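*Asks:* Got a structure for you, model01.txt, holding compact mmCIF, C-alpha atoms.
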```txt
# COMPACT_ATOMS: atom_id res chain seq x y z
CA MET A 257 120.77 133.86 132.19
CA SER A 258 123.31 132.59 134.67
CA THR A 259 126.13 134.86 135.81
CA GLU A 260 128.66 132.25 134.64
CA THR A 261 127.35 132.58 131.10
CA LYS A 262 127.62 136.37 131.20
CA LYS A 263 131.13 136.26 132.72
CA ASN A 264 132.40 134.08 129.86
CA GLY A 265 130.90 136.36 127.23
CA MET A 266 128.66 133.51 126.04
CA ASN A 267 125.04 134.04 125.07
CA TYR A 268 123.92 130.47 125.80
CA ARG A 269 124.78 127.78 128.28
CA THR A 270 127.15 125.02 127.26
CA MET A 271 127.16 121.28 127.92
CA ALA A 272 129.41 118.31 127.26
CA GLN A 273 129.12 117.18 123.65
CA ILE A 274 128.75 113.56 124.75
CA ASP A 275 125.46 114.53 126.46
CA VAL A 276 123.97 116.01 123.28
CA PRO A 277 121.17 113.81 121.89
CA GLN A 278 122.07 112.27 118.53
CA GLY A 279 119.63 112.05 115.66
CA ARG A 280 116.23 113.60 115.58
CA LYS A 281 112.71 112.46 116.10
CA GLY A 282 110.73 114.40 113.56
CA LYS A 283 106.97 114.61 113.38
CA HIS A 284 106.84 111.47 111.20
CA HIS A 285 108.95 109.36 113.56
CA GLN A 286 106.09 107.30 114.96
CA VAL A 287 104.36 106.40 111.69
CA ILE A 288 107.66 105.71 109.89
CA GLY A 289 108.77 103.46 112.76
CA LYS A 290 105.56 101.45 112.47
CA ILE A 291 105.90 101.15 108.70
CA LEU A 292 109.55 100.04 108.91
CA SER A 293 108.65 97.47 111.56
CA ASP A 294 105.86 96.07 109.38
CA LEU A 295 108.18 95.97 106.35
CA ASP A 296 110.71 93.96 108.38
CA HIS A 297 108.05 91.37 109.30
CA MET A 298 106.22 91.20 105.99
CA LYS A 299 106.25 88.25 103.61
CA PRO A 300 107.51 88.88 100.05
CA GLY A 301 104.71 89.74 97.66
CA ASN A 302 102.64 91.62 100.26
CA ALA A 303 102.10 95.36 100.69
CA ILE A 304 101.21 97.51 103.67
CA ARG A 305 97.99 99.52 103.31
CA VAL A 306 98.11 102.74 105.36
CA PRO A 307 94.87 104.76 105.55
CA LEU A 308 95.50 108.33 104.38
CA ASP A 309 92.94 109.75 106.81
CA GLY A 310 95.04 108.31 109.66
CA LEU A 311 98.14 110.28 108.69
CA ALA A 312 98.89 113.48 110.56
CA GLN A 313 100.75 114.86 107.52
CA SER A 314 100.22 114.58 103.78
CA LYS A 315 101.12 111.38 101.96
CA GLU A 316 103.88 113.28 100.12
CA LYS A 317 105.54 114.25 103.39
CA VAL A 318 105.23 110.71 104.75
CA ARG A 319 106.70 109.32 101.51
CA SER A 320 109.64 111.72 101.80
CA ALA A 321 110.25 110.74 105.42
CA LEU A 322 109.99 107.06 104.49
CA ASN A 323 112.47 107.58 101.64
CA ARG A 324 114.98 109.19 104.02
CA ALA A 325 114.58 106.40 106.58
CA THR A 326 114.84 103.53 104.10
CA ARG A 327 117.92 104.99 102.41
CA LYS A 328 119.55 105.39 105.80
CA ARG A 329 118.88 101.69 106.49
CA GLY A 330 119.83 100.51 103.02
CA LYS A 331 116.31 99.21 102.30
CA GLU A 332 114.57 99.52 98.98
CA VAL A 333 110.82 99.99 99.03
CA ALA A 334 108.17 101.06 96.55
CA THR A 335 104.99 103.02 97.15
CA ALA A 336 101.69 103.65 95.43
CA SER A 337 98.52 105.40 96.50
CA ASP A 338 94.90 105.97 95.66
CA ASP A 339 92.31 108.28 97.20
CA GLU A 340 92.15 106.31 100.45
CA TYR A 341 95.41 104.45 101.06
CA LEU A 342 99.19 104.63 100.80
CA TYR A 343 100.60 101.25 99.77
CA ILE A 344 104.17 100.30 100.63
CA TRP A 345 106.13 97.12 99.85
CA ASN A 346 109.67 95.80 99.87
CA VAL A 347 111.43 95.66 96.51
CA ASN A 348 113.06 92.30 95.98
CA LYS A 349 116.50 92.75 94.49
CA PRO A 350 117.42 90.14 91.83
```
Any chance you could give the structure as structure tokens?

*Replies:*
Amino acid sequence: MSTETKKNGMNYRTMAQIDVPQGRKGKHHQVIGKILSDLDHMKPGNAIRVPLDGLAQSKEKVRSALNRATRKRGKEVATASDDEYLYIWNVNKP
């Protein structure tokens, strides 16, 4: 611990708030980014087929992360799954 930190009575170092990274890159960041990119480029009526054995986490955790990301972006998607794949598609609003 630096002497400056101890002199101020602080337990941890400080930094300018503007230098603090914003947002977070969770463990699903990479796969969710790929899915969102594919959804943006996909034709209506198509679905993405993601192999479950290629996911680092469970399909439930990926679905939850996808739900958070799509709500943040104002997108509406639907999902389905079977024993091998997670299917994801854009929901067309009437």

*Asks:* Could you pull the residues within 8 Å of range 323-329 of chain A, counting all atoms listed in the file, minus those fewer than 3 positions along the same chain, as a VMD selection string?

*Replies:* chain A and resid 288 292 319 to 320 332 to 333

*Asks:* Output the selection as a PDB file, in the frame of the given file - C-alpha atoms for each residue.

*Replies:*
```
ATOM      1  CA  ILE A 288     107.660 105.710 109.890  1.00  0.00           C
ATOM      2  CA  LEU A 292     109.550 100.040 108.910  1.00  0.00           C
ATOM      3  CA  ARG A 319     106.700 109.320 101.510  1.00  0.00           C
ATOM      4  CA  SER A 320     109.640 111.720 101.800  1.00  0.00           C
ATOM      5  CA  GLU A 332     114.570  99.520  98.980  1.00  0.00           C
ATOM      6  CA  VAL A 333     110.820  99.990  99.030  1.00  0.00           C
TER       7      VAL A 333
END
```

*Asks:* Fewer than 2 positions away in the same chain doesn't count, so skip those; otherwise give me all residues within 12 Å of Ala303 in chain A, counting all atoms listed in the file, as an MDAnalysis selection string.

*Replies:* chainID A and resid 291 294:301 305:306 333:337 341:347

*Asks:* Please report, as AutoDock Vina command-line options, the centre and edge lengths in Å to one decimal of an axis-aligned box covering all listed atoms of range 302-321 of chain A with 4 Å per side.

*Replies:*
```
--center_x 101.6 --center_y 103.2 --center_z 105.3 --size_x 25.3 --size_y 31.2 --size_z 18.4
```

*Asks:* Using only C-alpha atoms, which residues sit within 10 Å of Asp339 in chain A once same-chain residues fewer than 4 positions away are excluded, as an MDAnalysis selection string?

*Replies:* chainID A and resid 307:309

*Asks:* Quick one, how far is CA of His284 in chain A from CA of Val318 in chain A?

*Replies:* 6.7 Å

*Asks:* Measuring atom to atom with all atoms listed in the file, identify which of A:Lys349, A:Lys283, A:Gly289, A:Ile304 is nearest to Lys317 in chain A.

*Replies:* A:Lys283

*Asks:* Measure the distance from CA of Pro277 in chain A to CA of Asn264 in chain A in Å and round it to one decimal.

*Replies:*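 Those two atoms sit 24.5 Å apart.
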
*Asks:* Under the rule that all atoms listed in the file are counted, which of A:Glu340, A:Asn348, A:Asn302, A:Ala321 is the nearest residue to Val287 in chain A?

*Replies:*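 Nearest to Val287 in chain A: A:Ala321.
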
*Asks:* Quote the spacing between CA of Val276 in chain A and CA of Leu322 in chain A in Å to one decimal place.

*Replies:* 25.1 Å
